[in-house]
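Right, one structure below, let's go through it.
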Amino acid sequence: MKNPNQRTVLSIAGSDSSGGAGIQADIRAITHLDCHAATAITALTAQNSQGVQAISEVSASFVLAQLKAIFAEGAIHAIKIGMLYSIEIINTVTHFLNHHTTIPIVVDPVMVATSGDFLIKDTHLKESYHDLFAFATLITPNLPEAEYFSDSKINTLLDMKKAAKTLSERYQCSVLIKGGHLEDKQATDIFYSHSEKRYIEYQQVRINTNCTHGTGCVLSSAIASFLTQDKEISEAIRLAKQYLTEQLMSCRAAPLDTHFVRG
């Protein structure tokens, strides 16, 4: 039963049968941070640490039905958006959120799983995402996603900064580019504030762990959870990254066959 004083975070994302990423990871992180997790499932995936074996698309009409049911129940204090899978679903979610633009929205534009498998049905999504990003408080692409949406190649921190600014100007939102794919001793994420027109670098030493499945899901859900507390975006990111680091550190003591952040 929901605590009446709890803030509610809505996750709009795909289901991961392994429980490691997707909406399952979102629920763990949101709940762990003392918020109530509401969900709208966009796709069902059969996957594990070895990869994605199958994807079953949820119809856009059923995604809409879930959203209507959730918003009819009570207040939503933040929204995290992950895997949307198809242009029809992106357009449906975008049209619905057009009526709820005052809510903080964190978009993690999931396109490829950690295993390298595609999590999208259509590969030409830029135009559809353009309208969705316009509603976002923050988007959190990883390097390949940032390259795709910024039409640029990213090999250095300077490239990351240029791409973050390009995305912010193009989509009129703040941007956090996750730098985990760069082969540096430190993992550096670049935040560009749309309102303040400034950069913040979040740096930390890489953590040696097998638990990499679901890290992006946990981070974006944690950011959304902290935004329900009226935190500034940069502070919500800092707290979310601190939370993710704590979870990754705890994973180092987990069995070797554990591949996801436990939250």
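Lettering and numbering for the structure tokens are positional, with chains as A, B, ... in the shown order, residues counted from 1 in each chain, and ligands counted from 1 in the shown order.
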Item to check | Selection near segment 123-139 of chain A, 7 Å with only C-alpha atoms, sequence-local residues under 2 positions removed, as a PyMOL selection string | outcome: chain A and resi 87+90-91+94+101+104-108+120-121+141+149+171-176
Next on the checklist: Give me, as a count of residues only, all polymer residues having an atom no more than 12 Å from segment 63-71 of chain A, counting only C-alpha atoms and skipping those fewer than 5 positions away in the same chain.
Outcome noted: 36
Item to check | Contacts of Cys35 of chain A within 10 Å, only C-alpha atoms, excl. fewer than 6 positions in-chain, as a PyMOL selection string | outcome: chain A and resi 2-3+5-10+27+29+77+222+224-226+228
Checklist entry - Just asking: which residues within segment 42-220 of chain A are strand (DSSP E) according to DSSP, as a ChimeraX atom specification? => result /A:42-48,51-57,78-81,105-107,138-139,174-177,186-193,198-205
Checklist entry - Using only C-alpha atoms, which of A:Ala25, A:Leu182, A:Ile200, A:Leu248 sits nearest Lys80 of chain A? => result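 Under the stated criterion, the closest residue is A:Ala25.
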